[in-house]
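Novice: To be precise about what I am sending: the file is called query-v4.txt and holds compact mmCIF, C-alpha atoms and all ligand atoms.
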```txt
# COMPACT_ATOMS: atom_id res chain seq x y z
CA MET A 1 0.00 0.00 0.00
CA LYS A 2 1.20 3.52 -0.74
CA GLU A 3 2.00 5.89 2.09
CA PHE A 4 -0.73 8.44 2.98
CA ARG A 5 -0.06 11.90 4.41
CA PHE A 6 -2.55 14.54 5.60
CA THR A 7 -1.62 18.17 6.24
CA ASN A 8 -2.81 21.78 6.16
CA GLU A 9 0.74 23.18 5.83
CA HIS A 10 1.73 23.72 2.20
CA SER A 11 4.53 25.15 0.03
CA SER A 12 3.56 27.18 -3.05
CA THR A 13 4.25 24.13 -5.28
CA ASP A 14 1.93 22.08 -3.07
CA VAL A 15 -0.82 24.70 -3.46
CA ALA A 16 -0.59 24.50 -7.27
CA ASP A 17 -0.87 20.67 -7.06
CA ILE A 18 -3.83 20.92 -4.70
CA VAL A 19 -5.69 23.38 -6.92
CA ASP A 20 -5.04 20.98 -9.82
CA VAL A 21 -7.02 18.30 -7.94
CA LEU A 22 -9.99 20.67 -8.11
CA ARG A 23 -9.74 21.44 -11.83
CA GLN A 24 -11.63 19.52 -14.46
CA PRO A 25 -11.49 16.66 -15.16
CA ARG A 26 -10.03 15.82 -11.75
CA LEU A 27 -12.94 17.24 -9.75
CA TRP A 28 -15.28 14.31 -10.14
CA ILE A 29 -18.48 16.26 -10.72
CA PRO A 30 -20.10 17.82 -13.82
CA THR A 31 -18.49 21.13 -12.89
CA ALA A 32 -19.25 23.02 -16.09
CA GLN A 33 -23.01 22.67 -15.57
CA ASP A 34 -23.13 22.81 -11.78
CA TYR A 35 -20.63 25.58 -11.06
CA PRO A 36 -20.24 27.83 -14.13
CA ASN A 37 -17.65 30.12 -12.46
CA HIS A 38 -15.57 27.31 -11.03
CA SER A 39 -12.39 28.02 -12.99
CA ALA A 40 -12.31 31.73 -12.08
CA TRP A 41 -13.09 30.81 -8.45
CA LEU A 42 -10.13 28.42 -8.42
CA ASP A 43 -7.70 31.08 -9.69
CA LYS A 44 -8.79 33.33 -6.81
CA THR A 45 -8.64 30.39 -4.40
CA GLU A 46 -5.00 29.64 -5.22
CA ALA A 47 -3.99 33.17 -4.14
CA GLN A 48 -6.23 33.02 -1.04
CA ILE A 49 -4.71 29.71 0.08
CA ALA A 50 -1.23 31.21 -0.33
CA SER A 51 -2.24 34.27 1.75
CA GLY A 52 -3.95 32.15 4.44
CA THR A 53 -7.50 33.56 4.01
CA LYS A 54 -8.56 30.09 2.94
CA ARG A 55 -7.12 27.00 4.59
CA VAL A 56 -6.85 23.64 2.85
CA MET A 57 -6.54 20.19 4.36
CA ALA A 58 -4.95 17.95 1.74
CA ALA A 59 -4.32 14.22 1.40
CA TYR A 60 -1.31 12.79 -0.43
CA MET A 61 -0.98 9.21 -1.63
CA GLY A 62 2.72 8.74 -2.23
CA ARG A 63 3.72 12.05 -3.85
CA ASP A 64 0.34 12.77 -5.42
CA ALA A 65 -2.30 15.12 -3.99
CA VAL A 66 -5.47 12.95 -3.98
CA GLY A 67 -7.92 14.83 -1.78
CA THR A 68 -8.82 18.27 -0.51
CA VAL A 69 -11.12 20.12 1.84
CA ILE A 70 -11.06 23.93 1.70
CA TYR A 71 -12.31 25.88 4.72
CA GLN A 72 -12.70 29.52 5.69
CA ARG A 73 -14.78 31.88 7.79
CA GLN A 74 -18.10 32.66 6.11
CA ALA A 75 -17.88 36.31 5.01
CA ASP A 76 -21.36 37.38 6.17
CA GLN A 77 -21.41 35.12 9.29
CA PRO A 78 -17.92 35.04 10.79
CA GLN A 79 -18.82 32.46 13.46
CA THR A 80 -19.73 29.97 10.75
CA LEU A 81 -17.03 27.86 9.13
CA GLU A 82 -17.68 27.44 5.43
CA ILE A 83 -16.30 24.20 3.99
CA ARG A 84 -15.94 23.86 0.23
CA ASN A 85 -14.60 21.63 -2.47
CA ILE A 86 -14.52 18.30 -0.72
CA SER A 87 -12.94 16.12 -3.35
CA VAL A 88 -11.21 12.74 -3.30
CA SER A 89 -9.69 11.27 -6.48
CA SER A 90 -11.42 8.09 -7.61
CA ASP A 91 -8.26 5.98 -7.07
CA ALA A 92 -8.18 6.96 -3.37
CA ARG A 93 -11.85 6.57 -2.47
CA GLY A 94 -13.45 4.17 0.01
CA ARG A 95 -10.56 4.38 2.52
CA TYR A 96 -12.07 7.12 4.74
CA VAL A 97 -9.78 9.71 3.14
CA GLY A 98 -12.77 12.05 2.67
CA ALA A 99 -14.06 11.49 6.23
CA PHE A 100 -10.57 11.93 7.71
CA LEU A 101 -9.92 15.13 5.72
CA LEU A 102 -13.25 16.62 6.76
CA ARG A 103 -12.85 15.67 10.44
CA ASN A 104 -9.34 17.13 10.55
CA ALA A 105 -10.42 20.35 8.84
CA GLU A 106 -13.17 20.66 11.51
CA VAL A 107 -10.77 19.95 14.39
CA GLU A 108 -8.02 22.27 13.11
CA ALA A 109 -10.54 25.04 12.52
CA VAL A 110 -11.92 24.81 16.08
CA GLN A 111 -8.60 24.23 17.86
CA ASN A 112 -6.27 26.47 15.86
CA ASP A 113 -7.52 28.43 12.87
CA PHE A 114 -10.89 29.97 13.86
CA PRO A 115 -11.48 29.07 17.55
CA ASP A 116 -14.68 31.15 17.96
CA ILE A 117 -16.74 29.39 15.28
CA GLU A 118 -20.08 27.85 16.30
CA GLU A 119 -21.23 25.96 13.21
CA PHE A 120 -19.93 24.19 10.12
CA THR A 121 -21.72 24.68 6.80
CA ILE A 122 -21.26 23.01 3.41
CA ASP A 123 -23.33 23.34 0.25
CA THR A 124 -23.68 20.86 -2.56
CA LYS A 125 -26.07 20.39 -5.46
CA VAL A 126 -29.22 18.54 -4.37
CA THR A 127 -28.66 16.26 -7.34
CA ASN A 128 -25.24 15.24 -5.92
CA GLN A 129 -26.78 12.43 -3.86
CA GLU A 130 -23.35 10.88 -3.30
CA MET A 131 -22.13 14.02 -1.52
CA VAL A 132 -25.39 14.49 0.42
CA SER A 133 -25.11 10.87 1.71
CA PHE A 134 -21.43 11.32 2.54
CA LEU A 135 -22.18 14.51 4.52
CA GLU A 136 -25.11 12.91 6.35
CA ALA A 137 -22.73 10.10 7.37
CA GLN A 138 -20.43 12.83 8.81
CA GLY A 139 -23.25 14.30 10.96
CA TYR A 140 -24.50 17.10 8.64
CA THR A 141 -28.20 17.79 8.08
CA ILE A 142 -29.93 19.76 5.33
CA GLN A 143 -30.97 23.23 6.57
CA ASP A 144 -32.10 24.77 3.29
CA ILE A 145 -32.56 24.01 -0.40
CA THR A 146 -32.09 27.06 -2.60
CA ASP A 147 -30.37 28.43 -5.73
CA LEU A 148 -27.47 29.73 -3.64
CA TYR A 149 -25.42 31.27 -6.43
CA GLY A 150 -28.28 32.64 -8.54
CA LEU A 151 -26.69 31.31 -11.71
CA GLY A 152 -29.56 29.06 -12.77
CA ALA A 153 -27.32 26.03 -12.26
CA GLY A 154 -29.76 24.03 -10.15
CA LEU A 155 -30.70 23.90 -6.48
CA ASP A 156 -28.11 23.73 -3.72
CA ALA A 157 -28.52 21.84 -0.44
CA VAL A 158 -27.12 23.85 2.48
CA MET A 159 -25.96 21.36 5.12
CA THR A 160 -24.83 22.26 8.64
CA LYS A 161 -23.45 20.72 11.82
CA PRO A 162 -23.01 22.47 15.19
CA VAL A 163 -19.54 22.77 16.73
CA VAL A 164 -19.41 20.58 19.87
CA ARG A 165 -16.65 21.55 22.34
C1 LIG B 201 -17.94 11.90 -1.52
C2 LIG B 201 -16.43 11.67 -1.44
C3 LIG B 201 -15.74 12.90 -0.84
C4 LIG B 201 -16.21 10.46 -0.51
O1 LIG B 201 -14.81 10.28 -0.32
P1 LIG B 201 -14.24 8.90 0.25
O2 LIG B 201 -12.87 9.14 0.76
O3 LIG B 201 -14.41 7.82 -0.75
O4 LIG B 201 -15.29 8.63 1.44
P2 LIG B 201 -15.00 7.84 2.79
O5 LIG B 201 -14.28 6.57 2.51
O6 LIG B 201 -14.38 8.79 3.76
O7 LIG B 201 -16.51 7.53 3.25
C5 LIG B 201 -16.98 7.80 4.55
C6 LIG B 201 -18.46 7.46 4.65
O8 LIG B 201 -19.19 8.34 3.78
C7 LIG B 201 -20.26 7.63 3.12
N1 LIG B 201 -20.03 7.65 1.66
C8 LIG B 201 -18.86 7.79 0.99
N2 LIG B 201 -19.07 7.77 -0.34
C9 LIG B 201 -20.40 7.58 -0.50
C10 LIG B 201 -21.24 7.45 -1.64
N3 LIG B 201 -20.74 7.49 -2.89
N4 LIG B 201 -22.58 7.30 -1.46
C11 LIG B 201 -23.09 7.22 -0.21
N5 LIG B 201 -22.34 7.32 0.92
C12 LIG B 201 -21.03 7.51 0.77
C13 LIG B 201 -20.25 6.25 3.67
O9 LIG B 201 -21.14 6.21 4.79
C14 LIG B 201 -18.83 6.04 4.21
O10 LIG B 201 -18.78 5.19 5.30
P3 LIG B 201 -19.09 3.60 5.20
O11 LIG B 201 -18.31 3.08 4.02
O12 LIG B 201 -18.61 3.05 6.48
O13 LIG B 201 -20.58 3.50 5.05
C15 LIG B 201 -15.82 11.34 -2.83
O14 LIG B 201 -16.55 10.29 -3.40
C16 LIG B 201 -15.81 12.53 -3.78
O15 LIG B 201 -14.84 13.27 -3.85
N6 LIG B 201 -16.91 12.74 -4.53
C17 LIG B 201 -17.07 13.91 -5.40
C18 LIG B 201 -17.02 15.18 -4.56
C19 LIG B 201 -17.88 16.32 -5.02
O16 LIG B 201 -18.89 16.14 -5.65
N7 LIG B 201 -17.41 17.54 -4.66
C20 LIG B 201 -18.05 18.79 -5.02
C21 LIG B 201 -19.23 19.21 -4.19
S1 LIG B 201 -18.80 19.82 -2.56
```
Since I need it in another form, could you write the structure as C-alpha cells?
Specialist:
Amino acid sequence: MKEFRFTNEHSSTDVADIVDVLRQPRLWIPTAQDYPNHSAWLDKTEAQIASGTKRVMAAYMGRDAVGTVIYQRQADQPQTLEIRNISVSSDARGRYVGAFLLRNAEVEAVQNDFPDIEEFTIDTKVTNQEMVSFLEAQGYTIQDITDLYGLGAGLDAVMTKPVVR
C-alpha cells in the first residue's frame, strides 16, 4: 500500500498541485453545468490559500495530492465555518480519506484556525446524492434548499453541523 499523508501546511508548489485536484477533469463532478464560475473561483482560491485567508486540508498518496477540503470563515457570518470543495480522487476513495480530511479540517478550525466558530456549513447540489449521503454520514443535516449562487445552475442543499466543544 502507498503511504498516505494529511496536512494543512503547504509550500507554493503544493498549493498548485492541490488546486489541480480541483480542476476539471479531476474534480469528479459535472463542474461546467453545476458551477459555471468554477475556474475563475479556483484562480482566486490559489492566491487566497497562499495568503492564508482560505485553509486547505490535503491528502497525499505517495507524492500525489489525492484529496482536498477547503475551509474559511463565512464572510457574512464570521462564526460559521464554510467548507468547500470536498474532493477525493477516484483511485483513493473508500478508505475514509474524505471522512478523515473533513474531520481534521473541523478539528483544526476549532482548535487552531478559527477558535470562535459555532457551526460548520457546506453546500452541494441537491442532485449530488453521493455528496449528500457522505455529509449525512459525517453528521451534517440539510438546513435549506435554494439556488445559492443565482446562476440558474440548479438547487443547492445547504448542510450544517453544530460545533461541539
Ligand atoms: C464523496 C467523497 C468525498 C467520498 O470520499 P471517500 O474518501 O471515498 O469517502 P469515505 O471513505 O471517507 O466515506 C466515509 C463514509 O461516507 C459515506 N459515503 C462515501 N461515499 C459515499 C457514496 N458514494 N454514497 C453514499 N455514501 C457515501 C459512507 O457512509 C462512508 O462510510 P461507510 O463506508 O462506512 O458507510 C468522494 O466520493 C468525492 O470526492 N466525490 C465527489 C465530490 C464532489 O462532488 N465535490 C463537489 C461538491 S462539494
Novice: Which residue gives the smallest distance to ligand LIG 201 (chain B) among A:Arg95, A:Lys44, A:Arg103, A:Lys161, with all atoms listed in the file counted?
Specialist: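 So, comparing all the options, the nearest one is A:Arg95.
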Novice: Please identify the residues whose atoms come within 6 Å of ligand LIG 201 (chain B), using all atoms listed in the file, and report them as a list of chain:residue names.
Specialist: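 Counting only what the definition allows, namely all atoms listed in the file, the set is A:Trp28, A:Ile29, A:Arg84, A:Asn85, A:Ile86, A:Ser87, A:Val88, A:Arg93, A:Gly94, A:Arg95, A:Tyr96, A:Val97, A:Gly98, A:Ala99, A:Thr124, A:Glu130, A:Met131, A:Ser133, A:Phe134, A:Ala137.
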Novice: Measuring atom to atom with all atoms listed in the file, identify which of A:Asp34, A:Gly139, A:Val132, A:Thr68 is nearest to A:Leu155.
Specialist: A:Asp34
Novice: Hey, what's within 8 Å of stretch 145-148 of chain A if we count all atoms listed in the file and toss same-chain stuff fewer than 4 positions away? As a list in words, please?
Specialist: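 The residues satisfying every condition are Val126, Gly152, Ala153, Gly154, Leu155, Asp156, Ala157 and Val158 of chain A.
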Novice: With C-alpha atoms kept, could you save the residues just selected as a CSV table (one decimal), keeping the file's coordinate frame?
Specialist:
```csv
chain,number,residue,atom,x,y,z
A,126,VAL,CA,-29.2,18.5,-4.4
A,152,GLY,CA,-29.6,29.1,-12.8
A,153,ALA,CA,-27.3,26.0,-12.3
A,154,GLY,CA,-29.8,24.0,-10.2
A,155,LEU,CA,-30.7,23.9,-6.5
A,156,ASP,CA,-28.1,23.7,-3.7
A,157,ALA,CA,-28.5,21.8,-0.4
A,158,VAL,CA,-27.1,23.8,2.5
```
Novice: Which value, in Å to one decimal, gives the distance between atom CA of A:Met159 and atom CA of A:Ile122?
Specialist: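 Atom-to-atom, atom CA of A:Met159 to atom CA of A:Ile122, that is 5.3 Å.
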Novice: Write out as a list of chain:residue names each polymer residue whose atoms come within 9 Å of A:Val19, counting only C-alpha atoms; drop sequence neighbours fewer than 3 positions from it.
Specialist: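 What passes the distance filter is A:Asp14, A:Val15, A:Ala16, A:Leu22, A:Arg23, A:Leu42, A:Asp43, A:Thr45, A:Glu46, A:Thr68.
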Novice: Could you check the closest approach to A:Glu108 for each of A:Glu136, A:Glu9, A:Glu3, A:Asp91 and tell me which residue wins, using only C-alpha atoms?
Specialist: A:Glu9
Novice: Go through A:Gln143, A:Thr121, A:Thr53, A:Gln111 one by one, measure the shortest atom-to-atom distance of each to A:Leu81 using all atoms listed in the file, and give the residue with the smallest value.
Specialist: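 Answer, going by the shortest atom-to-atom distance: A:Thr121.
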Novice: Please determine, counting all atoms listed in the file, which residue among A:Ala40, A:Val110, A:Val66, A:Ile117 has the shortest atom-to-atom distance to A:Asp20.
Specialist: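 Answer, going by the shortest atom-to-atom distance: A:Val66.
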Novice: Rounded to one decimal, what separation in Å do you get between atom CA of A:Phe114 and atom CA of A:Val163?
Specialist: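 Atom CA of A:Phe114 sits 11.6 Å away from atom CA of A:Val163.
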Novice: With distances taken over only C-alpha atoms, which of A:Glu82, A:Asp144, A:Asp17, A:Asp64 is nearest to A:Glu118?
Specialist: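 Using only C-alpha atoms, the shortest distance to A:Glu118 belongs to A:Glu82.
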Novice: If I take atom CA of A:Ser89 and atom CA of A:Pro162, how far is one from the other in Å, to one decimal?
Specialist: 27.8 Å
